[in-house]
>>> print(open('work-v4.txt').read())   # compact mmCIF, N, CA and C atoms and all ligand atoms
# COMPACT_ATOMS: atom_id res chain seq x y z
N THR A 14 196.52 -23.69 -80.75
CA THR A 14 197.30 -23.79 -81.99
C THR A 14 198.18 -25.05 -81.99
N ILE A 15 199.01 -25.18 -83.00
CA ILE A 15 199.80 -26.42 -83.11
C ILE A 15 201.24 -26.19 -82.64
N LYS A 16 201.94 -27.29 -82.37
CA LYS A 16 203.30 -27.18 -81.86
C LYS A 16 204.27 -26.82 -82.99
N ALA A 17 204.10 -27.52 -84.10
CA ALA A 17 204.97 -27.26 -85.24
C ALA A 17 204.23 -27.62 -86.52
N GLY A 18 204.55 -26.91 -87.60
CA GLY A 18 203.90 -27.20 -88.87
C GLY A 18 203.51 -25.94 -89.60
N THR A 19 202.41 -26.02 -90.35
CA THR A 19 201.98 -24.88 -91.16
C THR A 19 200.52 -24.58 -90.91
N VAL A 20 200.21 -23.31 -90.76
CA VAL A 20 198.82 -22.89 -90.72
C VAL A 20 198.57 -22.06 -91.98
N ILE A 21 197.63 -22.50 -92.79
CA ILE A 21 197.25 -21.73 -93.98
C ILE A 21 196.00 -20.95 -93.60
N ASP A 22 196.18 -19.65 -93.49
CA ASP A 22 195.09 -18.78 -93.05
C ASP A 22 194.54 -18.00 -94.26
N HIS A 23 193.37 -17.44 -94.09
CA HIS A 23 192.74 -16.63 -95.14
C HIS A 23 192.55 -17.38 -96.45
N ILE A 24 192.21 -18.65 -96.36
CA ILE A 24 191.84 -19.39 -97.57
C ILE A 24 190.44 -18.93 -97.94
N THR A 25 190.21 -18.68 -99.23
CA THR A 25 188.88 -18.31 -99.72
C THR A 25 187.87 -19.30 -99.13
N ASN A 26 186.79 -18.82 -98.54
CA ASN A 26 185.89 -19.77 -97.87
C ASN A 26 185.30 -20.76 -98.87
N GLY A 27 185.25 -22.01 -98.45
CA GLY A 27 184.79 -23.09 -99.32
C GLY A 27 185.91 -23.79 -100.06
N LYS A 28 187.14 -23.26 -99.95
CA LYS A 28 188.25 -23.82 -100.72
C LYS A 28 189.19 -24.72 -99.90
N SER A 29 188.91 -24.86 -98.62
CA SER A 29 189.88 -25.60 -97.79
C SER A 29 189.94 -27.08 -98.13
N LEU A 30 188.82 -27.68 -98.50
CA LEU A 30 188.86 -29.10 -98.87
C LEU A 30 189.68 -29.30 -100.13
N GLU A 31 189.51 -28.38 -101.08
CA GLU A 31 190.33 -28.44 -102.30
C GLU A 31 191.81 -28.29 -101.97
N ALA A 32 192.10 -27.39 -101.04
CA ALA A 32 193.50 -27.20 -100.64
C ALA A 32 194.06 -28.50 -100.06
N ILE A 33 193.27 -29.15 -99.23
CA ILE A 33 193.71 -30.41 -98.62
C ILE A 33 193.94 -31.47 -99.70
N ASN A 34 193.05 -31.50 -100.69
CA ASN A 34 193.19 -32.45 -101.80
C ASN A 34 194.40 -32.16 -102.66
N VAL A 35 194.57 -30.89 -103.02
CA VAL A 35 195.66 -30.49 -103.88
C VAL A 35 197.01 -30.82 -103.24
N LEU A 36 197.07 -30.68 -101.94
CA LEU A 36 198.32 -30.97 -101.23
C LEU A 36 198.45 -32.46 -100.89
N LYS A 37 197.43 -33.24 -101.29
CA LYS A 37 197.41 -34.68 -101.04
C LYS A 37 197.63 -35.01 -99.56
N LEU A 38 197.04 -34.21 -98.70
CA LEU A 38 197.27 -34.39 -97.26
C LEU A 38 196.57 -35.62 -96.71
N LEU A 39 195.57 -36.13 -97.45
CA LEU A 39 194.86 -37.29 -96.94
C LEU A 39 195.43 -38.61 -97.48
N ASP A 40 196.48 -38.51 -98.28
CA ASP A 40 197.14 -39.72 -98.76
C ASP A 40 197.63 -40.54 -97.58
N GLN A 41 197.47 -41.84 -97.69
CA GLN A 41 197.90 -42.73 -96.61
C GLN A 41 199.34 -42.49 -96.21
N LYS A 42 200.19 -42.32 -97.22
CA LYS A 42 201.62 -42.23 -96.89
C LYS A 42 202.00 -40.92 -96.20
N ASN A 43 201.16 -39.92 -96.34
CA ASN A 43 201.45 -38.65 -95.67
C ASN A 43 201.18 -38.68 -94.16
N LYS A 44 200.07 -39.28 -93.82
CA LYS A 44 199.65 -39.38 -92.41
C LYS A 44 199.76 -38.04 -91.66
N ALA A 45 199.50 -36.98 -92.35
CA ALA A 45 199.58 -35.66 -91.70
C ALA A 45 198.35 -35.46 -90.81
N ILE A 46 198.56 -34.83 -89.69
CA ILE A 46 197.42 -34.45 -88.84
C ILE A 46 196.92 -33.10 -89.35
N VAL A 47 195.69 -33.09 -89.85
CA VAL A 47 195.15 -31.89 -90.50
C VAL A 47 193.89 -31.45 -89.76
N THR A 48 193.81 -30.18 -89.47
CA THR A 48 192.61 -29.61 -88.88
C THR A 48 192.13 -28.50 -89.81
N ALA A 49 190.85 -28.51 -90.14
CA ALA A 49 190.34 -27.47 -91.03
C ALA A 49 189.21 -26.71 -90.34
N GLY A 50 189.18 -25.42 -90.57
CA GLY A 50 188.08 -24.59 -90.07
C GLY A 50 187.38 -23.98 -91.27
N PHE A 51 186.06 -23.99 -91.23
CA PHE A 51 185.29 -23.49 -92.36
C PHE A 51 184.48 -22.25 -91.99
N ASN A 52 184.37 -21.35 -92.95
CA ASN A 52 183.51 -20.16 -92.78
C ASN A 52 183.78 -19.39 -91.48
N LEU A 53 185.06 -19.23 -91.16
CA LEU A 53 185.42 -18.46 -89.97
C LEU A 53 185.35 -16.98 -90.32
N LYS A 54 185.12 -16.17 -89.32
CA LYS A 54 185.06 -14.73 -89.56
C LYS A 54 186.46 -14.17 -89.74
N SER A 55 186.64 -13.39 -90.79
CA SER A 55 187.93 -12.77 -91.05
C SER A 55 187.75 -11.25 -90.95
N ASN A 56 188.71 -10.61 -90.35
CA ASN A 56 188.61 -9.14 -90.26
C ASN A 56 188.74 -8.49 -91.62
N LYS A 57 189.54 -9.11 -92.47
CA LYS A 57 189.86 -8.48 -93.75
C LYS A 57 188.87 -8.78 -94.86
N TYR A 58 188.49 -10.04 -95.03
CA TYR A 58 187.79 -10.41 -96.25
C TYR A 58 186.46 -11.13 -96.04
N GLY A 59 185.77 -10.89 -94.94
CA GLY A 59 184.53 -11.63 -94.74
C GLY A 59 184.80 -13.01 -94.19
N LEU A 60 184.32 -14.04 -94.86
CA LEU A 60 184.52 -15.39 -94.34
C LEU A 60 185.77 -16.03 -94.93
N LYS A 61 186.37 -16.91 -94.14
CA LYS A 61 187.59 -17.57 -94.59
C LYS A 61 187.62 -19.00 -94.07
N ASP A 62 188.46 -19.80 -94.69
CA ASP A 62 188.76 -21.14 -94.19
C ASP A 62 190.20 -21.13 -93.70
N VAL A 63 190.49 -22.03 -92.77
CA VAL A 63 191.85 -22.17 -92.25
C VAL A 63 192.20 -23.66 -92.24
N VAL A 64 193.42 -23.99 -92.66
CA VAL A 64 193.88 -25.38 -92.59
C VAL A 64 195.17 -25.42 -91.78
N LYS A 65 195.21 -26.32 -90.79
CA LYS A 65 196.41 -26.49 -89.97
C LYS A 65 197.00 -27.87 -90.25
N ILE A 66 198.27 -27.88 -90.55
CA ILE A 66 198.94 -29.14 -90.87
C ILE A 66 200.08 -29.33 -89.87
N GLU A 67 200.01 -30.37 -89.09
CA GLU A 67 201.05 -30.56 -88.07
C GLU A 67 202.30 -31.19 -88.65
N ASP A 68 203.43 -30.74 -88.15
CA ASP A 68 204.75 -31.30 -88.48
C ASP A 68 205.07 -31.29 -89.97
N LYS A 69 204.57 -30.31 -90.68
CA LYS A 69 204.89 -30.22 -92.10
C LYS A 69 205.01 -28.77 -92.51
N GLU A 70 206.11 -28.44 -93.17
CA GLU A 70 206.27 -27.11 -93.74
C GLU A 70 206.16 -27.26 -95.25
N LEU A 71 205.37 -26.40 -95.88
CA LEU A 71 205.06 -26.58 -97.30
C LEU A 71 206.25 -26.19 -98.19
N SER A 72 206.39 -26.92 -99.30
CA SER A 72 207.44 -26.61 -100.28
C SER A 72 206.97 -25.48 -101.18
N LYS A 73 207.88 -24.93 -101.96
CA LYS A 73 207.56 -23.86 -102.90
C LYS A 73 206.45 -24.30 -103.86
N GLU A 74 206.56 -25.52 -104.36
CA GLU A 74 205.55 -26.00 -105.30
C GLU A 74 204.18 -26.11 -104.63
N GLU A 75 204.18 -26.58 -103.40
CA GLU A 75 202.92 -26.68 -102.67
C GLU A 75 202.32 -25.30 -102.42
N LEU A 76 203.19 -24.33 -102.14
CA LEU A 76 202.71 -22.96 -101.94
C LEU A 76 202.10 -22.40 -103.22
N ASN A 77 202.70 -22.72 -104.36
CA ASN A 77 202.15 -22.28 -105.64
C ASN A 77 200.75 -22.84 -105.88
N LYS A 78 200.57 -24.10 -105.49
CA LYS A 78 199.25 -24.71 -105.65
C LYS A 78 198.22 -23.99 -104.80
N ILE A 79 198.61 -23.62 -103.60
CA ILE A 79 197.69 -22.89 -102.71
C ILE A 79 197.40 -21.50 -103.28
N ALA A 80 198.42 -20.86 -103.84
CA ALA A 80 198.24 -19.51 -104.39
C ALA A 80 197.19 -19.50 -105.51
N LEU A 81 197.19 -20.53 -106.34
CA LEU A 81 196.22 -20.60 -107.43
C LEU A 81 194.81 -20.77 -106.91
N LEU A 82 194.70 -21.53 -105.87
CA LEU A 82 193.41 -21.87 -105.29
C LEU A 82 192.89 -20.74 -104.41
N ALA A 83 193.79 -20.14 -103.67
CA ALA A 83 193.43 -19.13 -102.67
C ALA A 83 194.49 -18.04 -102.67
N PRO A 84 194.36 -17.11 -103.63
CA PRO A 84 195.41 -16.09 -103.81
C PRO A 84 195.60 -15.16 -102.59
N LYS A 85 194.64 -15.17 -101.67
CA LYS A 85 194.77 -14.29 -100.50
C LYS A 85 195.28 -15.02 -99.27
N ALA A 86 195.64 -16.26 -99.43
CA ALA A 86 196.06 -17.07 -98.28
C ALA A 86 197.32 -16.52 -97.63
N THR A 87 197.39 -16.69 -96.32
CA THR A 87 198.58 -16.34 -95.55
C THR A 87 199.16 -17.63 -94.98
N ILE A 88 200.46 -17.76 -95.06
CA ILE A 88 201.13 -18.96 -94.55
C ILE A 88 201.83 -18.61 -93.24
N ASN A 89 201.55 -19.39 -92.22
CA ASN A 89 202.25 -19.24 -90.95
C ASN A 89 203.05 -20.52 -90.69
N ILE A 90 204.35 -20.38 -90.60
CA ILE A 90 205.18 -21.53 -90.26
C ILE A 90 205.35 -21.54 -88.74
N ILE A 91 204.95 -22.63 -88.13
CA ILE A 91 204.99 -22.71 -86.66
C ILE A 91 206.14 -23.62 -86.22
N ARG A 92 206.94 -23.12 -85.34
CA ARG A 92 207.97 -23.94 -84.70
C ARG A 92 207.91 -23.66 -83.21
N ASN A 93 207.97 -24.73 -82.41
CA ASN A 93 207.92 -24.56 -80.95
C ASN A 93 206.77 -23.70 -80.46
N HIS A 94 205.58 -23.97 -80.99
CA HIS A 94 204.36 -23.25 -80.60
C HIS A 94 204.33 -21.78 -81.00
N LYS A 95 205.37 -21.32 -81.68
CA LYS A 95 205.40 -19.91 -82.06
C LYS A 95 205.40 -19.73 -83.57
N VAL A 96 204.87 -18.57 -84.01
CA VAL A 96 204.93 -18.26 -85.43
C VAL A 96 206.39 -17.91 -85.77
N HIS A 97 207.01 -18.78 -86.54
CA HIS A 97 208.42 -18.60 -86.89
C HIS A 97 208.54 -17.68 -88.11
N ASN A 98 207.56 -17.80 -88.99
CA ASN A 98 207.60 -17.05 -90.24
C ASN A 98 206.18 -16.90 -90.75
N LYS A 99 205.87 -15.74 -91.31
CA LYS A 99 204.51 -15.49 -91.79
C LYS A 99 204.60 -14.73 -93.10
N TYR A 100 203.93 -15.19 -94.13
CA TYR A 100 203.96 -14.47 -95.39
C TYR A 100 202.73 -14.80 -96.22
N LYS A 101 202.49 -13.97 -97.22
CA LYS A 101 201.38 -14.20 -98.14
C LYS A 101 201.84 -15.09 -99.29
N VAL A 102 200.93 -15.90 -99.80
CA VAL A 102 201.29 -16.69 -100.98
C VAL A 102 201.42 -15.75 -102.17
N GLU A 103 202.20 -16.15 -103.14
CA GLU A 103 202.37 -15.35 -104.34
C GLU A 103 202.05 -16.20 -105.55
N LEU A 104 201.29 -15.62 -106.47
CA LEU A 104 200.97 -16.36 -107.68
C LEU A 104 202.22 -16.52 -108.52
N PRO A 105 202.54 -17.75 -108.94
CA PRO A 105 203.72 -17.95 -109.77
C PRO A 105 203.48 -17.41 -111.18
N LYS A 106 204.51 -16.90 -111.84
CA LYS A 106 204.35 -16.39 -113.21
C LYS A 106 204.22 -17.54 -114.20
N ILE A 107 204.86 -18.64 -113.89
CA ILE A 107 204.76 -19.84 -114.73
C ILE A 107 204.27 -20.98 -113.85
N ILE A 108 203.25 -21.69 -114.33
CA ILE A 108 202.66 -22.78 -113.56
C ILE A 108 202.91 -24.06 -114.35
N GLU A 109 203.75 -24.90 -113.81
CA GLU A 109 204.14 -26.09 -114.55
C GLU A 109 203.77 -27.38 -113.85
N GLY A 110 203.07 -28.24 -114.59
CA GLY A 110 202.95 -29.62 -114.15
C GLY A 110 201.82 -29.98 -113.22
N PHE A 111 201.08 -29.02 -112.68
CA PHE A 111 200.04 -29.48 -111.76
C PHE A 111 198.64 -28.98 -112.06
N VAL A 112 198.48 -28.23 -113.16
CA VAL A 112 197.13 -27.80 -113.55
C VAL A 112 196.80 -28.46 -114.89
N LYS A 113 195.54 -28.92 -115.02
CA LYS A 113 195.11 -29.57 -116.24
C LYS A 113 194.55 -28.52 -117.21
N CYS A 114 194.91 -28.62 -118.49
CA CYS A 114 194.35 -27.71 -119.49
C CYS A 114 192.89 -28.07 -119.73
N SER A 115 192.02 -27.05 -119.81
CA SER A 115 190.58 -27.31 -119.96
C SER A 115 190.18 -27.60 -121.41
N ASN A 116 191.14 -27.48 -122.33
CA ASN A 116 190.85 -27.78 -123.73
C ASN A 116 191.11 -29.26 -124.00
N PRO A 117 190.04 -30.03 -124.27
CA PRO A 117 190.24 -31.48 -124.46
C PRO A 117 191.16 -31.81 -125.64
N LYS A 118 191.25 -30.88 -126.60
CA LYS A 118 192.08 -31.14 -127.78
C LYS A 118 193.55 -30.75 -127.54
N CYS A 119 193.82 -30.12 -126.42
CA CYS A 119 195.19 -29.69 -126.14
C CYS A 119 196.13 -30.90 -126.11
N ILE A 120 197.32 -30.71 -126.66
CA ILE A 120 198.29 -31.81 -126.72
C ILE A 120 198.61 -32.39 -125.33
N THR A 121 198.55 -31.52 -124.31
CA THR A 121 198.87 -32.00 -122.96
C THR A 121 197.81 -32.98 -122.42
N ASN A 122 196.63 -32.97 -123.04
CA ASN A 122 195.59 -33.92 -122.62
C ASN A 122 195.63 -35.20 -123.45
N ASN A 123 196.49 -35.21 -124.45
CA ASN A 123 196.53 -36.37 -125.35
C ASN A 123 197.88 -37.05 -125.41
N GLU A 124 198.91 -36.39 -124.95
CA GLU A 124 200.23 -37.00 -124.93
C GLU A 124 200.87 -36.77 -123.57
N GLN A 125 201.92 -37.50 -123.31
CA GLN A 125 202.60 -37.37 -122.01
C GLN A 125 203.47 -36.12 -122.00
N ILE A 126 202.81 -34.98 -121.91
CA ILE A 126 203.55 -33.72 -121.89
C ILE A 126 203.14 -32.95 -120.63
N LYS A 127 204.13 -32.43 -119.96
CA LYS A 127 203.90 -31.65 -118.75
C LYS A 127 203.17 -30.36 -119.11
N THR A 128 202.12 -30.03 -118.40
CA THR A 128 201.38 -28.80 -118.71
C THR A 128 202.19 -27.57 -118.29
N LYS A 129 201.93 -26.48 -119.00
CA LYS A 129 202.61 -25.23 -118.66
C LYS A 129 201.68 -24.05 -118.96
N PHE A 130 201.52 -23.18 -117.97
CA PHE A 130 200.65 -22.02 -118.13
C PHE A 130 201.40 -20.76 -117.72
N PHE A 131 201.00 -19.65 -118.32
CA PHE A 131 201.53 -18.35 -117.92
C PHE A 131 200.46 -17.58 -117.18
N LEU A 132 200.86 -16.88 -116.16
CA LEU A 132 199.94 -16.02 -115.44
C LEU A 132 199.64 -14.81 -116.33
N VAL A 133 198.36 -14.57 -116.64
CA VAL A 133 197.97 -13.43 -117.47
C VAL A 133 197.53 -12.29 -116.57
N LYS A 134 196.68 -12.63 -115.60
CA LYS A 134 196.09 -11.61 -114.75
C LYS A 134 195.85 -12.19 -113.37
N LYS A 135 196.07 -11.38 -112.35
CA LYS A 135 195.89 -11.87 -110.99
C LYS A 135 194.45 -11.74 -110.49
N GLU A 136 193.81 -10.63 -110.85
CA GLU A 136 192.51 -10.30 -110.27
C GLU A 136 191.55 -9.82 -111.33
N PRO A 137 190.58 -10.58 -111.81
CA PRO A 137 190.40 -11.99 -111.48
C PRO A 137 191.45 -12.85 -112.16
N LEU A 138 191.69 -13.98 -111.57
CA LEU A 138 192.76 -14.86 -112.04
C LEU A 138 192.55 -15.34 -113.47
N GLN A 139 193.61 -15.20 -114.27
CA GLN A 139 193.60 -15.74 -115.63
C GLN A 139 194.96 -16.35 -115.92
N ILE A 140 194.95 -17.57 -116.46
CA ILE A 140 196.20 -18.19 -116.88
C ILE A 140 196.04 -18.69 -118.32
N ARG A 141 197.16 -18.75 -119.07
CA ARG A 141 197.08 -19.18 -120.47
C ARG A 141 197.99 -20.37 -120.72
N CYS A 142 197.43 -21.36 -121.40
CA CYS A 142 198.19 -22.57 -121.74
C CYS A 142 199.27 -22.23 -122.76
N ASP A 143 200.47 -22.69 -122.51
CA ASP A 143 201.61 -22.44 -123.39
C ASP A 143 201.47 -23.22 -124.70
N TYR A 144 200.70 -24.29 -124.70
CA TYR A 144 200.60 -25.14 -125.89
C TYR A 144 199.44 -24.76 -126.80
N CYS A 145 198.23 -24.61 -126.25
CA CYS A 145 197.08 -24.34 -127.11
C CYS A 145 196.58 -22.91 -126.96
N GLU A 146 197.19 -22.15 -126.04
CA GLU A 146 196.84 -20.75 -125.82
C GLU A 146 195.46 -20.53 -125.25
N ARG A 147 194.82 -21.58 -124.78
CA ARG A 147 193.53 -21.40 -124.11
C ARG A 147 193.73 -20.60 -122.83
N THR A 148 192.84 -19.62 -122.64
CA THR A 148 192.88 -18.84 -121.40
C THR A 148 191.88 -19.44 -120.43
N MET A 149 192.31 -19.64 -119.22
CA MET A 149 191.46 -20.23 -118.21
C MET A 149 191.32 -19.29 -117.02
N GLN A 150 190.14 -19.34 -116.39
CA GLN A 150 189.95 -18.55 -115.18
C GLN A 150 189.85 -19.49 -113.98
N SER A 151 189.73 -18.89 -112.83
CA SER A 151 189.73 -19.62 -111.58
C SER A 151 188.82 -20.87 -111.60
N SER A 152 187.61 -20.70 -112.11
CA SER A 152 186.65 -21.80 -112.07
C SER A 152 187.02 -22.94 -113.05
N ASP A 153 187.91 -22.68 -114.01
CA ASP A 153 188.33 -23.73 -114.96
C ASP A 153 189.49 -24.56 -114.43
N ILE A 154 190.09 -24.07 -113.35
CA ILE A 154 191.33 -24.70 -112.91
C ILE A 154 191.07 -26.01 -112.17
N VAL A 155 191.63 -27.08 -112.72
CA VAL A 155 191.55 -28.39 -112.10
C VAL A 155 192.98 -28.87 -111.91
N SER A 156 193.28 -29.32 -110.72
CA SER A 156 194.63 -29.79 -110.46
C SER A 156 194.82 -31.20 -110.98
N LEU A 157 196.02 -31.49 -111.40
CA LEU A 157 196.35 -32.84 -111.85
C LEU A 157 196.67 -33.73 -110.66
ZN ZN A 201 196.23 -26.34 -123.53
>>> encode(input="work-v4.txt", output="structure tokens")
Amino acid sequence: TIKAGTVIDHITNGKSLEAINVLKLLDQKNKAIVTAGFNLKSNKYGLKDVVKIEDKELSKEELNKIALLAPKATINIIRNHKVHNKYKVELPKIIEGFVKCSNPKCITNNEQIKTKFFLVKKEPLQIRCDYCERTMQSSDIVSL
């Protein structure tokens, strides 16, 4: 395991690369040491992905991004080689600024307006745009 940082466990299998992208972990300026595991066996949900990020603890906004992508993810905060804190991600009721509306005519796609969605349903995931009222599901979600 890692000395310090965050382990995102129970990521829906196949979603770890998206998680890495959404968190911009490969940005030059981040220089985070990232280790990803794919299609690992999970006792609870079949196959899972795991992402380990050294020397970084995720912010609330970053956790929200992970929750949308992988609602079953578990976050382990590691300090001094030990699990300091462990919790499940929670879907935010309001999602602001990081998801793109799938309606090309939506004002947020045509003007400089921050996107805003409301959580409609958790399982299966549904969110609704505050501006055009388009309902989107998991497969429609694209991060900005
Ligand atoms: Zn919209």
>>> closest_atom_pairs(input="work-v4.txt", of="chain A", to="ligand ZN 201 (chain A)", cutoff="9 Å", atoms="only C-alpha atoms and all ligand atoms", output="tab-separated table")
residue	atom	partner	partner_atom	distance
A:Lys113	CA	A:ZN201	ZN	8.1
A:Cys114	CA	A:ZN201	ZN	4.7
A:Ser115	CA	A:ZN201	ZN	6.8
A:Asn116	CA	A:ZN201	ZN	5.6
A:Pro117	CA	A:ZN201	ZN	7.9
A:Lys118	CA	A:ZN201	ZN	7.6
A:Cys119	CA	A:ZN201	ZN	4.4
A:Ile120	CA	A:ZN201	ZN	6.7
A:Thr121	CA	A:ZN201	ZN	6.3
A:Asn122	CA	A:ZN201	ZN	7.7
A:Thr128	CA	A:ZN201	ZN	7.5
A:Lys129	CA	A:ZN201	ZN	8.1
A:Phe130	CA	A:ZN201	ZN	8.2
A:Arg141	CA	A:ZN201	ZN	7.8
A:Cys142	CA	A:ZN201	ZN	4.6
A:Asp143	CA	A:ZN201	ZN	6.6
A:Tyr144	CA	A:ZN201	ZN	5.1
A:Cys145	CA	A:ZN201	ZN	4.2
A:Glu146	CA	A:ZN201	ZN	6.1
A:Arg147	CA	A:ZN201	ZN	5.7
A:Thr148	CA	A:ZN201	ZN	8.5
>>> write_last_selection(input="work-v4.txt", atoms="N, CA and C atoms", output="short mmCIF file (atom, residue, chain, number, x, y, z; two decimals), in the coordinates of the input")
data_model
loop_
_atom_site.label_atom_id
_atom_site.label_comp_id
_atom_site.auth_asym_id
_atom_site.auth_seq_id
_atom_site.Cartn_x
_atom_site.Cartn_y
_atom_site.Cartn_z
N LYS A 113 195.54 -28.92 -115.02
CA LYS A 113 195.11 -29.57 -116.24
C LYS A 113 194.55 -28.52 -117.21
N CYS A 114 194.91 -28.62 -118.49
CA CYS A 114 194.35 -27.71 -119.49
C CYS A 114 192.89 -28.07 -119.73
N SER A 115 192.02 -27.05 -119.81
CA SER A 115 190.58 -27.31 -119.96
C SER A 115 190.18 -27.60 -121.41
N ASN A 116 191.14 -27.48 -122.33
CA ASN A 116 190.85 -27.78 -123.73
C ASN A 116 191.11 -29.26 -124.00
N PRO A 117 190.04 -30.03 -124.27
CA PRO A 117 190.24 -31.48 -124.46
C PRO A 117 191.16 -31.81 -125.64
N LYS A 118 191.25 -30.88 -126.60
CA LYS A 118 192.08 -31.14 -127.78
C LYS A 118 193.55 -30.75 -127.54
N CYS A 119 193.82 -30.12 -126.42
CA CYS A 119 195.19 -29.69 -126.14
C CYS A 119 196.13 -30.90 -126.11
N ILE A 120 197.32 -30.71 -126.66
CA ILE A 120 198.29 -31.81 -126.72
C ILE A 120 198.61 -32.39 -125.33
N THR A 121 198.55 -31.52 -124.31
CA THR A 121 198.87 -32.00 -122.96
C THR A 121 197.81 -32.98 -122.42
N ASN A 122 196.63 -32.97 -123.04
CA ASN A 122 195.59 -33.92 -122.62
C ASN A 122 195.63 -35.20 -123.45
N THR A 128 202.12 -30.03 -118.40
CA THR A 128 201.38 -28.80 -118.71
C THR A 128 202.19 -27.57 -118.29
N LYS A 129 201.93 -26.48 -119.00
CA LYS A 129 202.61 -25.23 -118.66
C LYS A 129 201.68 -24.05 -118.96
N PHE A 130 201.52 -23.18 -117.97
CA PHE A 130 200.65 -22.02 -118.13
C PHE A 130 201.40 -20.76 -117.72
N ARG A 141 197.16 -18.75 -119.07
CA ARG A 141 197.08 -19.18 -120.47
C ARG A 141 197.99 -20.37 -120.72
N CYS A 142 197.43 -21.36 -121.40
CA CYS A 142 198.19 -22.57 -121.74
C CYS A 142 199.27 -22.23 -122.76
N ASP A 143 200.47 -22.69 -122.51
CA ASP A 143 201.61 -22.44 -123.39
C ASP A 143 201.47 -23.22 -124.70
N TYR A 144 200.70 -24.29 -124.70
CA TYR A 144 200.60 -25.14 -125.89
C TYR A 144 199.44 -24.76 -126.80
N CYS A 145 198.23 -24.61 -126.25
CA CYS A 145 197.08 -24.34 -127.11
C CYS A 145 196.58 -22.91 -126.96
N GLU A 146 197.19 -22.15 -126.04
CA GLU A 146 196.84 -20.75 -125.82
C GLU A 146 195.46 -20.53 -125.25
N ARG A 147 194.82 -21.58 -124.78
CA ARG A 147 193.53 -21.40 -124.11
C ARG A 147 193.73 -20.60 -122.83
N THR A 148 192.84 -19.62 -122.64
CA THR A 148 192.88 -18.84 -121.40
C THR A 148 191.88 -19.44 -120.43
#
>>> atom_distance(input="work-v4.txt", atom1="atom C of Thr48 of chain A", atom2="atom C of Lys65 of chain A")
4.9 Å
>>> residues_around(input="work-v4.txt", residues="Thr14 of chain A", least_positions_apart="6", cutoff="10 Å", atoms="only C-alpha atoms", output="ChimeraX atom specification")
/A:20,65,67,91,94-95
>>> atom_distance(input="work-v4.txt", atom1="atom C of Phe111 of chain A", atom2="atom N of Leu76 of chain A")
11.9 Å
>>> residues_around(input="work-v4.txt", residues="Leu53 of chain A", least_positions_apart="2", cutoff="7 Å", atoms="all atoms listed in the file", output="list in words")
Asn26, Gly50, Phe51, Ser55, Gly59, Leu60, Lys61, Asp62 and Val63 of chain A
>>> atom_distance(input="work-v4.txt", atom1="atom C of Asn56 of chain A", atom2="atom CA of Pro84 of chain A")
15.8 Å
>>> closest_residue(input="work-v4.txt", among="A:Leu104, A:Val35, A:Val112, A:Ile66", to="Leu157 of chain A", atoms="only N, CA and C atoms")
A:Val112
>>> select_by_dssp(input="work-v4.txt", residues="chain A", states="strand (DSSP E or B)", output="VMD selection string")
chain A and resid 18 to 25 47 to 55 59 to 67 87 to 92 95 to 101 107 to 109 112 to 113 129 to 134 139 to 142 148 to 150 155 to 156
>>> residues_around(input="work-v4.txt", residues="Lys135 of chain A", least_positions_apart="5", cutoff="12 Å", atoms="only C-alpha atoms", output="compact mmCIF listing (two decimals) with N, CA and C atoms, in the coordinates of the input")
# COMPACT_ATOMS: atom_id res chain seq x y z
N ALA A 80 198.42 -20.86 -103.84
CA ALA A 80 198.24 -19.51 -104.39
C ALA A 80 197.19 -19.50 -105.51
N LEU A 81 197.19 -20.53 -106.34
CA LEU A 81 196.22 -20.60 -107.43
C LEU A 81 194.81 -20.77 -106.91
N LEU A 82 194.70 -21.53 -105.87
CA LEU A 82 193.41 -21.87 -105.29
C LEU A 82 192.89 -20.74 -104.41
N ALA A 83 193.79 -20.14 -103.67
CA ALA A 83 193.43 -19.13 -102.67
C ALA A 83 194.49 -18.04 -102.67
N PRO A 84 194.36 -17.11 -103.63
CA PRO A 84 195.41 -16.09 -103.81
C PRO A 84 195.60 -15.16 -102.59
N LYS A 85 194.64 -15.17 -101.67
CA LYS A 85 194.77 -14.29 -100.50
C LYS A 85 195.28 -15.02 -99.27
N GLU A 103 202.20 -16.15 -103.14
CA GLU A 103 202.37 -15.35 -104.34
C GLU A 103 202.05 -16.20 -105.55
N LEU A 104 201.29 -15.62 -106.47
CA LEU A 104 200.97 -16.36 -107.68
C LEU A 104 202.22 -16.52 -108.52
N PRO A 105 202.54 -17.75 -108.94
CA PRO A 105 203.72 -17.95 -109.77
C PRO A 105 203.48 -17.41 -111.18
N LYS A 106 204.51 -16.90 -111.84
CA LYS A 106 204.35 -16.39 -113.21
C LYS A 106 204.22 -17.54 -114.20
N ILE A 140 194.95 -17.57 -116.46
CA ILE A 140 196.20 -18.19 -116.88
C ILE A 140 196.04 -18.69 -118.32
N MET A 149 192.31 -19.64 -119.22
CA MET A 149 191.46 -20.23 -118.21
C MET A 149 191.32 -19.29 -117.02
N GLN A 150 190.14 -19.34 -116.39
CA GLN A 150 189.95 -18.55 -115.18
C GLN A 150 189.85 -19.49 -113.98
N SER A 151 189.73 -18.89 -112.83
CA SER A 151 189.73 -19.62 -111.58
C SER A 151 188.82 -20.87 -111.60
